[in-house]
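So this block is start.txt, compact mmCIF, C-alpha atoms and all ligand atoms:
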# COMPACT_ATOMS: atom_id res chain seq x y z
CA MET V 1 -17.20 -29.32 12.35
CA PRO V 2 -19.97 -26.82 13.21
CA LEU V 3 -22.99 -26.53 10.98
CA ASN V 4 -22.45 -24.06 8.16
CA ARG V 5 -25.03 -21.70 9.63
CA LEU V 6 -23.96 -18.54 7.84
CA SER V 7 -23.42 -20.20 4.45
CA GLU V 8 -20.79 -17.52 3.95
CA TRP V 9 -17.19 -18.33 3.28
CA VAL V 10 -13.83 -16.63 3.60
CA ALA V 11 -11.07 -16.90 1.00
CA ILE V 12 -7.46 -16.43 2.04
CA GLN V 13 -4.87 -15.47 -0.58
CA ARG V 14 -1.46 -16.39 0.78
CA ASN V 15 1.76 -14.97 -0.47
CA PRO V 16 3.87 -18.16 -0.40
CA SER V 17 7.11 -16.22 0.14
CA SER V 18 5.81 -14.17 3.10
CA GLY V 19 5.71 -15.16 6.70
CA SER V 20 7.73 -16.92 9.36
CA GLY V 21 6.75 -19.98 11.42
CA ALA V 22 4.98 -17.78 13.98
CA GLY V 23 2.94 -16.16 11.21
CA ARG V 24 1.84 -19.55 9.92
CA GLU V 25 0.66 -20.58 13.40
CA GLU V 26 -1.44 -17.43 13.60
CA LEU V 27 -2.87 -18.22 10.18
CA VAL V 28 -4.01 -21.60 11.52
CA ARG V 29 -5.64 -19.81 14.48
CA LEU V 30 -7.41 -17.47 12.04
CA VAL V 31 -8.83 -20.43 10.10
CA LEU V 32 -9.93 -22.32 13.25
CA ARG V 33 -11.63 -19.28 14.78
CA LEU V 34 -13.45 -18.48 11.52
CA GLN V 35 -14.65 -22.08 11.39
CA ASN V 36 -15.85 -21.70 15.01
CA PHE V 37 -17.94 -18.75 13.86
CA GLY V 38 -19.46 -21.04 11.20
CA TYR V 39 -17.64 -19.86 8.08
CA GLN V 40 -16.18 -22.13 5.49
CA VAL V 41 -12.57 -21.16 4.88
CA ARG V 42 -10.37 -21.85 1.88
CA SER V 43 -6.73 -20.87 1.71
CA PHE V 44 -5.14 -20.34 -1.71
CA LYS V 45 -1.46 -20.19 -2.53
CA ASP V 46 -2.31 -20.56 -6.20
CA ARG V 47 -3.72 -17.34 -7.66
CA ASP V 48 -5.39 -19.18 -10.55
CA LYS V 49 -7.34 -21.45 -8.21
CA LEU V 50 -8.64 -18.40 -6.34
CA LEU V 51 -9.67 -16.90 -9.67
CA GLN V 52 -11.54 -20.09 -10.58
CA ALA V 53 -13.40 -20.04 -7.27
CA LEU V 54 -14.34 -16.37 -7.54
CA ASN V 55 -15.43 -16.72 -11.17
CA ASN V 56 -18.19 -19.00 -9.92
CA PRO V 57 -21.15 -16.57 -9.39
CA GLU V 58 -22.74 -18.68 -6.68
CA LYS V 59 -19.49 -18.90 -4.71
CA ARG V 60 -18.79 -15.23 -5.32
CA SER V 61 -22.16 -14.20 -3.89
CA ARG V 62 -21.51 -16.13 -0.67
CA LEU V 63 -18.03 -14.69 -0.16
CA LYS V 64 -17.76 -12.77 3.13
CA CYS V 65 -14.33 -11.34 2.32
CA LEU V 66 -10.97 -12.04 0.79
CA VAL V 67 -8.04 -12.08 3.23
CA ALA V 68 -4.73 -10.83 1.84
CA ALA V 69 -2.17 -12.77 3.92
CA GLY V 70 1.20 -11.18 3.24
CA GLY V 71 2.65 -7.68 3.06
CA ASP V 72 1.55 -4.47 1.36
CA GLY V 73 2.42 -6.02 -2.02
CA THR V 74 -0.04 -8.86 -1.42
CA VAL V 75 -2.79 -6.35 -0.60
CA ASN V 76 -2.13 -4.51 -3.86
CA ASP V 77 -2.10 -7.74 -5.85
CA VAL V 78 -5.47 -8.73 -4.40
CA LEU V 79 -7.17 -5.37 -4.88
CA ASN V 80 -5.97 -5.13 -8.47
CA ARG V 81 -7.55 -8.48 -9.26
CA TYR V 82 -10.73 -8.16 -7.15
CA PRO V 83 -11.42 -4.45 -6.57
CA SER V 84 -15.11 -5.02 -5.85
CA VAL V 85 -14.59 -7.64 -3.13
CA PRO V 86 -14.32 -6.61 0.56
CA ILE V 87 -10.70 -7.14 1.54
CA SER V 88 -9.26 -8.05 4.92
CA LEU V 89 -5.58 -7.91 5.86
CA PHE V 90 -3.50 -10.48 7.65
CA PRO V 91 -0.04 -8.93 8.04
CA MET V 92 2.77 -11.41 7.24
CA GLY V 93 5.11 -9.28 5.15
CA THR V 94 8.29 -7.26 5.65
CA GLU V 95 6.30 -4.04 5.45
CA ASN V 96 2.71 -3.98 6.68
CA LEU V 97 2.05 -0.24 6.60
CA LEU V 98 -1.62 -0.56 5.74
CA ALA V 99 -2.26 -3.10 8.50
CA LYS V 100 -0.50 -0.80 10.97
CA TYR V 101 -2.66 2.10 9.85
CA LEU V 102 -5.80 -0.03 10.26
CA GLN V 103 -4.53 -1.18 13.69
CA ILE V 104 -4.66 -4.82 12.62
CA THR V 105 -2.10 -7.00 14.40
CA ASP V 106 -0.83 -10.45 13.45
CA SER V 107 -3.25 -12.17 15.86
CA GLY V 108 -5.28 -14.71 13.88
CA GLU V 109 -8.02 -14.92 16.51
CA ARG V 110 -8.41 -11.14 16.61
CA LEU V 111 -8.65 -10.94 12.83
CA ALA V 112 -11.36 -13.62 12.80
CA GLU V 113 -13.35 -11.42 15.19
CA ILE V 114 -12.85 -8.37 12.95
CA ILE V 115 -14.10 -10.36 9.96
CA HIS V 116 -17.09 -11.68 11.90
CA GLU V 117 -17.99 -8.17 13.15
CA GLY V 118 -17.96 -7.20 9.48
CA ARG V 119 -17.30 -3.46 9.71
CA THR V 120 -16.09 -2.10 6.37
CA GLU V 121 -14.87 1.35 5.32
CA LYS V 122 -14.52 2.64 1.78
CA PHE V 123 -10.99 3.84 1.01
CA ASP V 124 -9.85 6.10 -1.82
CA LEU V 125 -8.00 4.02 -4.36
CA CYS V 126 -5.17 5.34 -6.53
CA GLN V 127 -3.71 4.16 -9.78
CA VAL V 128 -0.52 4.59 -11.73
CA ASN V 129 -0.92 3.97 -15.46
CA GLY V 130 -4.06 1.98 -14.62
CA ARG V 131 -2.49 -0.17 -11.88
CA LYS V 132 -4.25 0.29 -8.54
CA PHE V 133 -2.59 1.00 -5.20
CA LEU V 134 -3.56 2.22 -1.76
CA LEU V 135 -0.72 3.84 0.16
CA MET V 136 1.67 5.96 -1.85
CA ALA V 137 3.69 6.32 -5.02
CA SER V 138 7.12 7.89 -5.18
CA PHE V 139 9.62 8.62 -7.91
CA GLY V 140 13.34 9.33 -7.87
CA ILE V 141 16.15 7.97 -5.72
CA ASP V 142 14.02 5.81 -3.40
CA ALA V 143 12.20 4.21 -6.34
CA GLU V 144 15.64 3.49 -7.83
CA VAL V 145 16.50 1.53 -4.65
CA VAL V 146 13.20 -0.38 -4.88
CA HIS V 147 13.81 -1.25 -8.54
CA ARG V 148 17.36 -2.44 -7.84
CA THR V 149 16.25 -4.45 -4.80
CA SER V 150 13.52 -6.10 -6.80
CA GLN V 151 16.00 -7.12 -9.51
CA ALA V 152 18.32 -8.64 -6.89
CA ARG V 153 15.49 -10.26 -4.94
CA LYS V 154 15.31 -14.00 -4.41
CA GLY V 155 12.45 -15.36 -2.29
CA ASN V 156 11.54 -13.74 0.98
CA ILE V 157 12.86 -10.21 1.44
CA SER V 158 14.45 -8.77 4.55
CA LYS V 159 15.63 -5.29 5.38
CA LEU V 160 19.22 -6.44 4.71
CA ASN V 161 18.32 -6.95 1.04
CA TYR V 162 18.21 -3.18 0.64
CA VAL V 163 21.82 -2.49 1.65
CA GLN V 164 23.65 -3.26 -1.61
CA PRO V 165 20.95 -1.80 -3.90
CA PHE V 166 20.94 1.30 -1.68
CA TRP V 167 24.67 1.88 -2.16
CA ASP V 168 24.47 1.11 -5.87
CA SER V 169 21.69 3.70 -6.18
CA VAL V 170 23.59 6.29 -4.16
CA ARG V 171 26.68 5.85 -6.34
CA ASN V 172 24.93 5.85 -9.70
CA TYR V 173 21.68 7.85 -9.52
CA GLU V 174 21.77 11.12 -11.46
CA TYR V 175 18.63 12.83 -10.09
CA PRO V 176 16.95 13.78 -13.38
CA GLU V 177 14.38 16.56 -13.30
CA ILE V 178 10.71 15.52 -13.03
CA ARG V 179 7.89 17.80 -14.24
CA ILE V 180 4.44 17.27 -12.73
CA PHE V 181 1.18 18.71 -14.07
CA VAL V 182 -1.37 18.69 -11.25
CA ASP V 183 -5.03 18.34 -12.34
CA ASP V 184 -5.59 20.87 -15.16
CA ALA V 185 -2.49 23.00 -14.54
CA VAL V 186 -0.78 24.26 -17.70
CA GLU V 187 2.56 24.87 -15.95
CA PRO V 188 4.29 22.00 -14.18
CA VAL V 189 5.82 21.95 -10.72
CA VAL V 190 9.41 20.72 -10.93
CA GLY V 191 11.60 18.61 -8.67
CA ARG V 192 13.97 15.64 -8.49
CA PHE V 193 12.26 13.43 -5.94
CA GLY V 194 8.60 13.24 -4.98
CA ILE V 195 5.94 11.27 -3.19
CA ILE V 196 2.18 11.15 -3.67
CA SER V 197 0.44 9.94 -0.51
CA ASN V 198 -3.02 8.58 0.19
CA ILE V 199 -2.50 7.81 3.87
CA PRO V 200 -1.46 10.10 6.69
CA ALA V 201 1.96 10.72 8.12
CA TYR V 202 1.73 8.45 11.11
CA ALA V 203 1.07 5.40 8.93
CA LEU V 204 4.33 5.90 7.07
CA GLN V 205 7.71 5.29 8.63
CA LEU V 206 8.70 8.65 7.21
CA PRO V 207 5.97 11.27 7.70
CA PHE V 208 5.93 12.81 4.22
CA ALA V 209 2.40 14.19 4.06
CA THR V 210 1.18 15.03 7.53
CA ALA V 211 -2.40 15.82 6.45
CA ALA V 212 -3.05 13.02 3.91
CA SER V 213 -6.29 11.07 4.30
CA PRO V 214 -7.67 8.09 2.34
CA PHE V 215 -11.21 9.47 2.83
CA ASP V 216 -10.98 12.98 1.34
CA GLY V 217 -10.92 12.27 -2.41
CA ARG V 218 -7.51 13.96 -2.77
CA LEU V 219 -3.91 12.84 -3.06
CA ASP V 220 -1.08 14.75 -1.43
CA LEU V 221 2.10 15.57 -3.34
CA ARG V 222 5.41 16.49 -1.73
CA LEU V 223 8.01 17.38 -4.34
CA PHE V 224 11.65 18.01 -3.49
CA GLU V 225 13.54 20.40 -5.73
CA LYS V 226 17.22 19.61 -5.22
CA GLY V 227 18.96 16.45 -6.39
CA SER V 228 22.17 15.26 -4.76
CA LEU V 229 23.18 12.82 -2.07
CA TRP V 230 23.70 15.68 0.34
CA SER V 231 20.29 17.30 -0.30
CA THR V 232 18.60 13.88 -0.05
CA MET V 233 20.13 13.35 3.39
CA GLU V 234 19.15 16.85 4.42
CA TYR V 235 15.56 16.33 3.19
CA LEU V 236 15.32 13.03 5.08
CA TYR V 237 16.46 14.76 8.25
CA TYR V 238 13.76 17.40 7.76
CA VAL V 239 11.08 14.79 6.95
CA THR V 240 11.95 12.76 10.04
CA ASN V 241 11.43 15.88 12.14
CA ARG V 242 8.34 16.98 10.16
CA TRP V 243 9.93 20.27 9.16
CA HIS V 244 10.08 19.69 5.38
CA GLU V 245 6.65 21.15 4.59
CA ASP V 246 7.90 24.60 5.66
CA ARG V 247 10.88 24.60 3.27
CA ASP V 248 10.88 26.85 0.19
CA ASP V 249 12.36 24.07 -1.97
CA VAL V 250 9.59 21.56 -1.13
CA THR V 251 6.31 21.85 -3.07
CA CYS V 252 3.19 20.77 -1.14
CA LEU V 253 0.05 20.33 -3.24
CA SER V 254 -3.03 18.17 -3.28
CA GLY V 255 -4.98 17.08 -6.33
CA SER V 256 -6.61 14.11 -7.95
CA ARG V 257 -4.50 13.73 -11.12
CA PHE V 258 -0.74 14.04 -11.55
CA ARG V 259 0.93 13.75 -14.95
CA LEU V 260 4.66 13.04 -14.66
CA GLU V 261 7.17 13.86 -17.37
CA SER V 262 10.95 13.84 -17.60
CA ASP V 263 13.67 13.91 -20.25
CA VAL V 264 14.97 10.48 -19.22
CA PRO V 265 12.87 7.70 -17.62
CA VAL V 266 12.64 8.13 -13.83
CA PRO V 267 11.79 5.01 -11.76
CA ILE V 268 8.47 4.86 -9.88
CA GLN V 269 7.51 2.65 -6.95
CA VAL V 270 4.12 2.06 -5.36
CA ASP V 271 3.75 0.69 -1.84
CA GLY V 272 7.26 -0.76 -1.93
CA ASP V 273 7.08 -2.45 -5.35
CA PRO V 274 8.51 -1.25 -8.69
CA ALA V 275 5.88 0.43 -10.88
CA GLY V 276 7.62 1.32 -14.10
CA PHE V 277 9.07 4.64 -15.17
CA THR V 278 8.01 8.12 -16.25
CA PRO V 279 6.11 9.28 -18.23
CA ALA V 280 3.20 8.27 -15.99
CA LEU V 281 -0.23 9.27 -14.84
CA ILE V 282 -0.89 8.93 -11.10
CA GLU V 283 -4.49 9.61 -10.15
CA LEU V 284 -7.43 8.73 -7.95
CA SER V 285 -9.31 5.74 -9.28
CA SER V 286 -12.99 6.21 -10.10
CA SER V 287 -13.79 3.31 -7.76
CA ASP V 288 -13.00 2.92 -4.08
CA VAL V 289 -12.23 -0.24 -2.15
CA SER V 290 -13.95 -1.73 0.92
CA LEU V 291 -11.62 -2.84 3.69
CA LEU V 292 -12.61 -4.63 6.86
CA VAL V 293 -11.54 -2.56 9.83
CA PRO V 294 -11.62 -3.10 13.60
CA LYS V 295 -14.53 -1.42 15.35
CA TYR V 296 -12.10 0.90 17.14
CA PHE V 297 -10.60 2.19 13.88
CA LEU V 298 -11.45 5.90 13.47
CA SER V 299 -11.83 7.03 9.88
CA ASP V 300 -12.48 10.63 10.97
CA GLN V 301 -9.02 12.20 11.03
CA SER V 302 -10.04 14.91 13.49
CA GLU V 303 -10.57 12.27 16.14
CA ARG V 304 -7.05 10.97 15.74
CA ILE V 305 -4.12 12.12 17.75
CA PRO V 306 -0.92 12.18 15.69
CA ARG V 307 2.06 10.39 17.16
MG MG L 1 -6.46 11.74 0.33
Full structure transcribed into structure tokens:
Amino acid sequence: MPLNRLSEWVAIQRNPSSGSGAGREELVRLVLRLQNFGYQVRSFKDRDKLLQALNNPEKRSRLKCLVAAGGDGTVNDVLNRYPSVPISLFPMGTENLLAKYLQITDSGERLAEIIHEGRTEKFDLCQVNGRKFLLMASFGIDAEVVHRTSQARKGNISKLNYVQPFWDSVRNYEYPEIRIFVDDAVEPVVGRFGIISNIPAYALQLPFATAASPFDGRLDLRLFEKGSLWSTMEYLYYVTNRWHEDRDDVTCLSGSRFRLESDVPVPIQVDGDPAGFTPALIELSSSDVSLLVPKYFLSDQSERIPR
């Protein structure tokens, strides 16, 4: 083994239920390449053991970064527990929206190079009722599907797991009204389905907020007024074609604090995981988070060319 010339180490938090055989092979390549660079590497499946290691001040001070190996849920888990630690992403999940946005692939060798290069960017962090997240929060029919899927979930999730919960949601969801107070507004904006985005359109599979940026200190709300299966389908068609922001029944606002109210509890999801029900406060966190990014990642939106 090479001499530990950097005296820095890399911790990997693995989501045990994420990843296929190919993903595991790439994880081995990541570890070997990091060791080639001279880093010590420790992989943790057990969250408590990672906590023990990072509670040690000496070990903590030598930590180069913490790799979240899993999907978007794993990233959120890690940044909620260690918001002050630089985080790197190794995509092994069903949805890896953040990794796609950062242009990080599932190549272990490439990720080792990104970590060694050590370029970090500070990202706006959001929170819902104190729980941190990075990508987006939504409330209404899609969050109902996420809640139902999560209840039915056993082990690793695939896109097929959504089919039954989707139909159950479609049959049973009643589209209650949601009232949202943006920043210091006295009057709410009202709708039956909404999404608050921190990342731009092209990072999402559905381009809800075309101008969102995780570097502008704002969150972007898109709130849809009508509630029915038919209007949901129509909205989705408009969103897919990026026409929804011109509709009179879609509210487009940005702000830093959104207070959600409703007469009956409305489900909320963040980054694909259930996140409770209304009433809720969704806002920018006072702290940001450092993510390791490839050197070719452009944080200046004006330099980017949308899809
Ligand atoms: Mg923003």
Close residues, Thr74 (chain V) itself excluded, 10 Å, only C-alpha atoms, min 2 positions apart in chain, as an MDAnalysis selection string = chainID V and resid 13:15 18 67:72 76:80 89:93 96
Nearest to ligand MG 1 (chain L) among V:Leu66, V:Val293, V:Val189, V:Leu284, with distances taken over only C-alpha atoms and all ligand atoms: which residue is it?
-> V:Leu284
Which residues form the shell of 12 Å around ligand MG 1 (chain L) when you count only C-alpha atoms and all ligand atoms, given as a ChimeraX atom specification?
-> /V:123-126,134-136,196-201,209-221,253-257,283-285,288,299,301
Region 105-158 of chain V near region 172-175 of chain V within 9 Å: what's each residue's closest atom pair and its distance in Å to one decimal, counting all atoms listed in the file, ordered by chain then ascending residue number, as a Markdown table?
| residue | atom | partner | partner_atom | distance |
| --- | --- | --- | --- | --- |
| V:Gly140 | CA | V:Tyr175 | CA | 6.7 |
| V:Ile141 | CA | V:Tyr173 | CA | 6.7 |
| V:Glu144 | CA | V:Tyr173 | CA | 7.6 |
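Counting all atoms listed in the file and comparing V:Arg110, V:Phe193, V:Ile282, V:Pro267, the residue that lies closest to Asp249 (chain V) is V:Phe193.
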Could you check which of V:Val28, V:Leu223, V:Leu229, V:Ala280 is closest to Leu111 (chain V), using only C-alpha atoms?
-> V:Val28
Which protein, DNA or RNA residues are at most 9 Å from (-8.9, -16.4, 15.3) in the file's coordinates when you count all atoms listed in the file, listed as number ranges by chain?
-> V: 26-36, 107-113
Might you pull out every residue within 9 Å of Val250 (chain V), with only C-alpha atoms counted and same-chain residues fewer than 6 positions away left off, and present them as a list in words?
-> Gly191, Arg222, Leu223, Phe224, Glu225, Lys226 and His244 of chain V
Go ahead and write the selection's residues with C-alpha atoms as a PDB file, in the coordinates of the input.
ATOM      1  CA  GLY V 191      11.600  18.610  -8.670  1.00  0.00           C
ATOM      2  CA  ARG V 222       5.410  16.490  -1.730  1.00  0.00           C
ATOM      3  CA  LEU V 223       8.010  17.380  -4.340  1.00  0.00           C
ATOM      4  CA  PHE V 224      11.650  18.010  -3.490  1.00  0.00           C
ATOM      5  CA  GLU V 225      13.540  20.400  -5.730  1.00  0.00           C
ATOM      6  CA  LYS V 226      17.220  19.610  -5.220  1.00  0.00           C
ATOM      7  CA  HIS V 244      10.080  19.690   5.380  1.00  0.00           C
TER       8      HIS V 244
END
Measure the distance from CA of Val186 (chain V) to CA of Pro274 (chain V) in Å and round it to one decimal.
-> 28.6 Å
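Coordinates place CA of Val41 (chain V) at a distance of 15.7 Å from CA of Glu25 (chain V).
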Could you list as a ChimeraX atom specification every residue that has an atom within 7 Å of (17.4, 5.9, -1.6), using the file's coordinates and counting only C-alpha atoms?
-> /V:141-142,144-145,166,169-170
Those selected residues, please, written with C-alpha atoms and delivered as a PDB file, keeping the file's coordinate frame.
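Output below, filename result19.pdb:
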ATOM      1  CA  ILE V 141      16.150   7.970  -5.720  1.00  0.00           C
ATOM      2  CA  ASP V 142      14.020   5.810  -3.400  1.00  0.00           C
ATOM      3  CA  GLU V 144      15.640   3.490  -7.830  1.00  0.00           C
ATOM      4  CA  VAL V 145      16.500   1.530  -4.650  1.00  0.00           C
ATOM      5  CA  PHE V 166      20.940   1.300  -1.680  1.00  0.00           C
ATOM      6  CA  SER V 169      21.690   3.700  -6.180  1.00  0.00           C
ATOM      7  CA  VAL V 170      23.590   6.290  -4.160  1.00  0.00           C
TER       8      VAL V 170
END
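Residues surrounding Thr149 (chain V) within 7 Å are Val145, Val146, His147, Gln151, Ala152, Arg153, Asn161, Tyr162 and Pro165 of chain V [only C-alpha atoms; sequence separation below 2 positions excluded].
From CA of Gly194 (chain V) back to CA of Pro207 (chain V), the distance works out to 13.1 Å.
Across V:Ala11, V:Val128, V:Val75, V:Cys65, the tightest approach to Phe44 (chain V) is made by V:Ala11 when counting only C-alpha atoms.
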